[in-house]
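What follows is the content of work.cif, which has mmCIF, C-alpha atoms:
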data_query
#
loop_
_atom_site.group_PDB
_atom_site.id
_atom_site.type_symbol
_atom_site.label_atom_id
_atom_site.label_comp_id
_atom_site.auth_asym_id
_atom_site.auth_seq_id
_atom_site.Cartn_x
_atom_site.Cartn_y
_atom_site.Cartn_z
ATOM 1 C CA MET A 234 0.000 0.000 0.000
ATOM 2 C CA GLN A 235 1.583 3.267 -1.065
ATOM 3 C CA HIS A 236 -0.133 5.315 1.639
ATOM 4 C CA ARG A 237 1.026 3.133 4.553
ATOM 5 C CA PRO A 238 3.118 5.902 6.219
ATOM 6 C CA ALA A 239 0.100 8.222 6.226
ATOM 7 C CA VAL A 240 -2.156 5.466 7.566
ATOM 8 C CA PHE A 241 0.432 4.701 10.262
ATOM 9 C CA ALA A 242 0.600 8.374 11.287
ATOM 10 C CA ALA A 243 -3.177 8.643 11.424
ATOM 11 C CA LEU A 244 -3.584 5.441 13.440
ATOM 12 C CA LEU A 245 -0.803 6.418 15.835
ATOM 13 C CA GLY A 246 -2.409 9.804 16.445
ATOM 14 C CA LEU A 247 -5.822 8.220 16.942
ATOM 15 C CA THR A 248 -4.604 5.503 19.316
ATOM 16 C CA ARG A 249 -2.522 8.054 21.237
ATOM 17 C CA ALA A 250 -5.599 10.243 21.680
ATOM 18 C CA GLY A 251 -7.686 7.218 22.702
ATOM 19 C CA SER A 252 -5.007 6.248 25.194
ATOM 20 C CA ALA A 253 -4.958 9.682 26.820
ATOM 21 C CA ILE A 254 -8.749 9.728 27.041
ATOM 22 C CA GLY A 255 -8.780 6.198 28.462
ATOM 23 C CA ASP A 256 -6.049 6.916 30.998
ATOM 24 C CA PHE A 257 -7.169 10.314 32.245
ATOM 25 C CA TRP A 258 -10.919 10.629 31.603
ATOM 26 C CA VAL A 259 -12.296 7.085 31.516
ATOM 27 C CA GLN A 260 -10.176 5.440 34.226
ATOM 28 C CA SER A 261 -12.010 5.538 37.547
ATOM 29 C CA ASP A 262 -10.420 7.014 40.637
ATOM 30 C CA PHE A 263 -10.709 3.595 42.271
ATOM 31 C CA CYS A 264 -8.806 1.824 39.475
ATOM 32 C CA GLY A 265 -6.160 4.539 39.350
ATOM 33 C CA ARG A 266 -5.452 4.203 43.053
ATOM 34 C CA VAL A 267 -5.896 0.458 43.562
ATOM 35 C CA LYS A 268 -4.387 -1.093 40.399
ATOM 36 C CA GLY A 269 -0.952 -1.419 42.041
ATOM 37 C CA ALA A 270 -2.218 -2.935 45.303
ATOM 38 C CA SER A 271 -0.787 -6.186 46.607
ATOM 39 C CA ASP A 272 -1.080 -8.196 49.797
ATOM 40 C CA ASP A 273 2.450 -7.033 50.732
ATOM 41 C CA HIS A 274 1.597 -3.413 49.862
ATOM 42 C CA PRO A 275 -2.154 -2.952 50.432
ATOM 43 C CA VAL A 276 -3.840 0.238 49.338
ATOM 44 C CA THR A 277 -6.392 2.051 51.444
ATOM 45 C CA TYR A 278 -8.991 3.664 49.227
ATOM 46 C CA GLN A 279 -11.264 6.412 50.474
ATOM 47 C CA ASN A 280 -14.435 6.791 48.477
ATOM 48 C CA PRO A 281 -14.653 10.495 47.553
ATOM 49 C CA VAL A 282 -18.451 10.530 47.915
ATOM 50 C CA THR A 283 -19.081 8.441 51.038
ATOM 51 C CA GLU A 284 -15.611 8.924 52.575
ATOM 52 C CA GLU A 285 -15.697 5.199 53.448
ATOM 53 C CA LYS A 286 -12.211 3.661 53.663
ATOM 54 C CA THR A 287 -11.520 0.166 52.340
ATOM 55 C CA SER A 288 -8.301 -1.848 52.174
ATOM 56 C CA HIS A 289 -7.261 -3.667 48.991
ATOM 57 C CA GLY A 290 -4.658 -6.343 48.268
ATOM 58 C CA THR A 291 -3.427 -8.382 45.332
ATOM 59 C CA ALA A 292 -6.765 -9.678 44.007
ATOM 60 C CA ASP A 293 -8.341 -6.211 44.060
ATOM 61 C CA GLY A 294 -5.214 -4.691 42.519
ATOM 62 C CA ARG A 295 -5.257 -7.157 39.640
ATOM 63 C CA ASN A 296 -8.995 -6.656 39.110
ATOM 64 C CA ALA A 297 -8.672 -2.863 39.156
ATOM 65 C CA CYS A 298 -5.806 -3.007 36.666
ATOM 66 C CA LEU A 299 -7.770 -5.417 34.454
ATOM 67 C CA GLN A 300 -10.849 -3.176 34.540
ATOM 68 C CA HIS A 301 -8.728 -0.135 33.686
ATOM 69 C CA CYS A 302 -6.994 -1.897 30.800
ATOM 70 C CA LEU A 303 -10.305 -3.133 29.397
ATOM 71 C CA THR A 304 -11.867 0.354 29.422
ATOM 72 C CA HIS A 305 -8.603 1.885 28.166
ATOM 73 C CA THR A 306 -8.402 -0.523 25.225
ATOM 74 C CA ALA A 307 -12.108 -0.131 24.456
ATOM 75 C CA THR A 308 -11.635 3.642 24.391
ATOM 76 C CA GLN A 309 -8.699 3.266 21.988
ATOM 77 C CA ALA A 310 -10.783 0.984 19.773
ATOM 78 C CA ILE A 311 -13.674 3.453 19.656
ATOM 79 C CA VAL A 312 -11.491 6.504 18.975
ATOM 80 C CA ALA A 313 -9.293 4.740 16.405
ATOM 81 C CA GLY A 314 -12.256 3.039 14.740
ATOM 82 C CA ALA A 315 -14.316 6.207 14.454
ATOM 83 C CA GLY A 316 -11.315 8.243 13.355
ATOM 84 C CA ALA A 317 -10.230 5.681 10.768
ATOM 85 C CA ARG A 318 -13.750 5.571 9.363
ATOM 86 C CA ALA A 319 -13.903 9.364 9.184
ATOM 87 C CA LEU A 320 -10.528 9.422 7.397
ATOM 88 C CA GLY A 321 -11.501 6.698 4.953
ATOM 89 C CA ILE A 322 -9.073 4.121 6.336
ATOM 90 C CA ARG A 323 -10.043 0.460 6.374
ATOM 91 C CA VAL A 324 -8.133 -1.421 9.033
ATOM 92 C CA HIS A 325 -7.976 -5.192 8.585
ATOM 93 C CA PRO A 326 -9.889 -6.774 11.496
ATOM 94 C CA ALA A 327 -7.063 -9.184 12.416
ATOM 95 C CA ALA A 328 -4.542 -6.324 12.422
ATOM 96 C CA ALA A 329 -6.849 -4.234 14.616
ATOM 97 C CA VAL A 330 -7.262 -7.098 17.089
ATOM 98 C CA ALA A 331 -3.497 -7.710 17.168
ATOM 99 C CA ALA A 332 -2.768 -4.003 17.714
ATOM 100 C CA LEU A 333 -5.333 -3.751 20.519
ATOM 101 C CA ALA A 334 -3.952 -6.923 22.125
ATOM 102 C CA ILE A 335 -0.465 -5.376 22.132
ATOM 103 C CA SER A 336 -1.853 -2.224 23.712
ATOM 104 C CA PHE A 337 -3.854 -4.164 26.311
ATOM 105 C CA GLY A 338 -1.045 -6.520 27.329
ATOM 106 C CA THR A 339 1.691 -3.925 27.562
ATOM 107 C CA HIS A 340 -0.613 -1.504 29.362
ATOM 108 C CA TYR A 341 -1.485 -4.090 31.999
ATOM 109 C CA ALA A 342 2.188 -5.038 32.434
ATOM 110 C CA ALA A 343 3.156 -1.419 33.032
ATOM 111 C CA ASP A 344 0.187 -0.362 35.161
ATOM 112 C CA ARG A 345 0.442 -3.200 37.719
ATOM 113 C CA ARG A 346 2.885 -1.066 39.688
ATOM 114 C CA VAL A 347 3.408 -3.183 42.783
ATOM 115 C CA PRO A 348 6.140 -1.383 44.783
ATOM 116 C CA GLY A 349 9.488 -3.085 44.244
ATOM 117 C CA LYS A 350 7.997 -5.674 41.885
ATOM 118 C CA GLY A 351 6.388 -3.740 39.037
ATOM 119 C CA LEU A 352 7.791 -4.210 35.534
ATOM 120 C CA LEU A 353 8.600 -0.553 34.909
ATOM 121 C CA GLU A 354 10.303 -0.127 38.277
ATOM 122 C CA ARG A 355 12.426 -3.228 37.645
ATOM 123 C CA ILE A 356 13.370 -2.038 34.136
ATOM 124 C CA ALA A 357 14.163 1.447 35.448
ATOM 125 C CA THR A 358 16.344 0.041 38.210
ATOM 126 C CA ARG A 359 18.238 -2.265 35.824
ATOM 127 C CA THR A 360 18.859 0.535 33.333
ATOM 128 C CA GLY A 361 20.065 3.081 35.879
ATOM 129 C CA LYS A 362 16.787 5.030 35.897
ATOM 130 C CA GLY A 363 15.643 3.853 39.345
ATOM 131 C CA GLY A 364 16.268 7.263 40.876
ATOM 132 C CA PHE A 365 14.236 8.955 38.152
ATOM 133 C CA TYR A 366 11.452 6.392 38.560
ATOM 134 C CA LYS A 367 11.200 7.290 42.251
ATOM 135 C CA LEU A 368 11.443 11.047 41.658
ATOM 136 C CA ALA A 369 8.368 12.810 42.981
ATOM 137 C CA ASP A 370 9.547 16.358 43.566
ATOM 138 C CA PHE A 371 9.931 19.707 41.814
ATOM 139 C CA GLY A 372 6.627 19.135 40.010
ATOM 140 C CA MET A 373 7.985 15.938 38.436
ATOM 141 C CA ASN A 374 6.948 12.317 38.742
ATOM 142 C CA GLY A 375 9.469 9.992 37.166
ATOM 143 C CA ALA A 376 7.233 6.901 37.285
ATOM 144 C CA PHE A 377 4.528 8.782 35.354
ATOM 145 C CA HIS A 378 6.966 9.904 32.656
ATOM 146 C CA LEU A 379 8.537 6.462 32.266
ATOM 147 C CA ASP A 380 5.040 4.950 32.152
ATOM 148 C CA SER A 381 4.029 7.406 29.408
ATOM 149 C CA ALA A 382 7.159 6.695 27.385
ATOM 150 C CA TRP A 383 6.515 2.935 27.699
ATOM 151 C CA HIS A 384 2.925 3.343 26.472
ATOM 152 C CA HIS A 385 3.929 5.642 23.605
ATOM 153 C CA GLY A 386 6.534 3.153 22.432
ATOM 154 C CA TRP A 387 4.165 0.202 22.466
ATOM 155 C CA GLU A 388 1.381 2.238 20.855
ATOM 156 C CA THR A 389 3.811 2.944 18.029
ATOM 157 C CA VAL A 390 4.398 -0.800 17.610
ATOM 158 C CA ALA A 391 0.634 -1.376 17.716
ATOM 159 C CA ALA A 392 0.058 1.308 15.056
ATOM 160 C CA VAL A 393 2.607 -0.379 12.777
ATOM 161 C CA VAL A 394 0.796 -3.688 13.287
ATOM 162 C CA ALA A 395 -2.588 -2.039 12.622
ATOM 163 C CA THR A 396 -1.387 -0.816 9.214
ATOM 164 C CA ALA A 397 -0.906 -4.409 7.978
ATOM 165 C CA LYS A 398 -3.304 -4.905 5.052
ATOM 166 C CA ALA A 399 -4.917 -1.506 5.715
ATOM 167 C CA ALA A 400 -6.517 0.215 2.765
ATOM 168 C CA THR A 401 -7.970 3.589 1.959
ATOM 169 C CA ARG A 402 -11.486 3.983 0.619
#
Could you express the structure from this file as structure tokens?
Amino acid sequence: MQHRPAVFAALLGLTRAGSAIGDFWVQSDFCGRVKGASDDHPVTYQNPVTEEKTSHGTADGRNACLQHCLTHTATQAIVAGAGARALGIRVHPAAAVAALAISFGTHYAADRRVPGKGLLERIATRTGKGGFYKLADFGMNGAFHLDSAWHHGWETVAAVVATAKAATR
């Protein structure tokens, strides 16, 4: 397909927008706070409406992360699907599923941030970025920035995959 670079750019922009919407607007406060909970590092969640406090361990952390990743990926699918249709791009269904699976799996792996055991923290520590990962000062949050870079990288891979057998109308 001679327009593959343009299709890639469009799909990357659409999935990036869907990701931001899914992460910051669709993700519930509960999922955002509890998705890294473990039995060794429980999270106390205070409901902002009722002010009730509940404690959450590994099972709740995994479920919250799963719920977040499902809504995040669904948001990406809706935004990318609607945008592709509006732009006259036909994405092959198998390529779309593969791209969304990449996004889902890598998002879950990164967002299950169990202190001392999470994938991104381990990668950061092994690559000499452990101090940056733990930075939470001067208006910066290293874990957030490394998380964003991880997602952007994998969304780029997913966009390349999504362009396989894509066509324009």
Could you name the residues that touch segment 252-264 of chain A at 8 Å or less, counting only C-alpha atoms, but leaving out those on the same chain fewer than 5 positions away, as a VMD selection string? chain A and resid 278 280 297 to 298 300 to 301 304 to 306 308 to 309
Between atom CA of Ser288 of chain A and atom CA of Ala369 of chain A, distance in Å (one decimal): 24.0 Å
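Within 12 Å of segment 350-367 of chain A, once all atoms listed in the file are used and residues closer than 3 positions along the same chain are dropped, the contacting residues are Lys268, Gly269, Ala270, Ser271, Asp273, His274, Thr339, His340, Tyr341, Ala342, Ala343, Asp344, Arg345, Arg346, Val347, Asp370, Met373, Asn374, Gly375, Ala376, Phe377, His378, Leu379, Asp380, Ser381, Ala382, Trp383 and His384 of chain A.
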Counting all atoms listed in the file, the residue among A:Gly290, A:Pro238, A:Pro348, A:Gly246 that lies closest to Ala317 of chain A is A:Gly246
The PyMOL selection byres ((chain A and resi 323) around 6) - which residues does that actually catch in the file I just gave you? List them as a VMD selection string. chain A and resid 322 324 399 to 401
Taking the partial coordinates given, rebuild segment 278-304 of chain A to contain N, CA and C atoms; return it as a tab-separated table (two decimals), in the coordinates of the input.
chain	number	residue	atom	x	y	z
A	278	TYR	N	-8.26	2.78	50.13
A	278	TYR	CA	-8.99	3.66	49.23
A	278	TYR	C	-10.10	4.34	50.00
A	279	GLN	N	-10.18	5.66	49.85
A	279	GLN	CA	-11.26	6.41	50.47
A	279	GLN	C	-12.21	6.88	49.38
A	280	ASN	N	-13.43	6.41	49.45
A	280	ASN	CA	-14.44	6.79	48.48
A	280	ASN	C	-14.67	8.29	48.58
A	281	PRO	N	-14.52	9.04	47.48
A	281	PRO	CA	-14.65	10.50	47.55
A	281	PRO	C	-16.06	10.97	47.87
A	282	VAL	N	-17.06	10.14	47.65
A	282	VAL	CA	-18.45	10.53	47.92
A	282	VAL	C	-18.86	10.17	49.34
A	283	THR	N	-18.63	8.91	49.72
A	283	THR	CA	-19.08	8.44	51.04
A	283	THR	C	-18.02	8.60	52.12
A	284	GLU	N	-16.77	8.83	51.70
A	284	GLU	CA	-15.61	8.92	52.58
A	284	GLU	C	-15.32	7.61	53.31
A	285	GLU	N	-15.96	6.51	52.87
A	285	GLU	CA	-15.70	5.20	53.45
A	285	GLU	C	-14.31	4.73	53.01
A	286	LYS	N	-13.55	4.17	53.96
A	286	LYS	CA	-12.21	3.66	53.66
A	286	LYS	C	-12.26	2.14	53.57
A	287	THR	N	-11.62	1.61	52.52
A	287	THR	CA	-11.52	0.17	52.34
A	287	THR	C	-10.07	-0.18	52.02
A	288	SER	N	-9.67	-1.39	52.42
A	288	SER	CA	-8.30	-1.85	52.17
A	288	SER	C	-8.31	-2.89	51.06
A	289	HIS	N	-7.28	-2.82	50.18
A	289	HIS	CA	-7.26	-3.67	48.99
A	289	HIS	C	-5.89	-4.29	48.80
A	290	GLY	N	-5.89	-5.59	48.48
A	290	GLY	CA	-4.66	-6.34	48.27
A	290	GLY	C	-4.51	-6.80	46.83
A	291	THR	N	-3.80	-7.90	46.66
A	291	THR	CA	-3.43	-8.38	45.33
A	291	THR	C	-4.62	-8.62	44.41
A	292	ALA	N	-5.62	-9.36	44.87
A	292	ALA	CA	-6.76	-9.68	44.01
A	292	ALA	C	-7.47	-8.41	43.53
A	293	ASP	N	-7.69	-7.47	44.44
A	293	ASP	CA	-8.34	-6.21	44.06
A	293	ASP	C	-7.45	-5.39	43.13
A	294	GLY	N	-6.14	-5.41	43.38
A	294	GLY	CA	-5.21	-4.69	42.52
A	294	GLY	C	-5.24	-5.22	41.10
A	295	ARG	N	-5.20	-6.54	40.98
A	295	ARG	CA	-5.26	-7.16	39.64
A	295	ARG	C	-6.58	-6.84	38.95
A	296	ASN	N	-7.68	-6.94	39.70
A	296	ASN	CA	-8.99	-6.66	39.11
A	296	ASN	C	-9.12	-5.20	38.69
A	297	ALA	N	-8.61	-4.28	39.51
A	297	ALA	CA	-8.67	-2.86	39.16
A	297	ALA	C	-7.83	-2.58	37.91
A	298	CYS	N	-6.67	-3.19	37.83
A	298	CYS	CA	-5.81	-3.01	36.67
A	298	CYS	C	-6.47	-3.61	35.42
A	299	LEU	N	-7.07	-4.78	35.56
A	299	LEU	CA	-7.77	-5.42	34.45
A	299	LEU	C	-8.92	-4.54	33.97
A	300	GLN	N	-9.72	-4.04	34.91
A	300	GLN	CA	-10.85	-3.18	34.54
A	300	GLN	C	-10.34	-1.92	33.82
A	301	HIS	N	-9.29	-1.32	34.34
A	301	HIS	CA	-8.73	-0.14	33.69
A	301	HIS	C	-8.26	-0.46	32.27
A	302	CYS	N	-7.54	-1.56	32.12
A	302	CYS	CA	-6.99	-1.90	30.80
A	302	CYS	C	-8.09	-2.24	29.80
A	303	LEU	N	-9.17	-2.85	30.28
A	303	LEU	CA	-10.30	-3.13	29.40
A	303	LEU	C	-10.97	-1.84	28.92
A	304	THR	N	-11.23	-0.91	29.84
A	304	THR	CA	-11.87	0.35	29.42
A	304	THR	C	-10.91	1.20	28.59
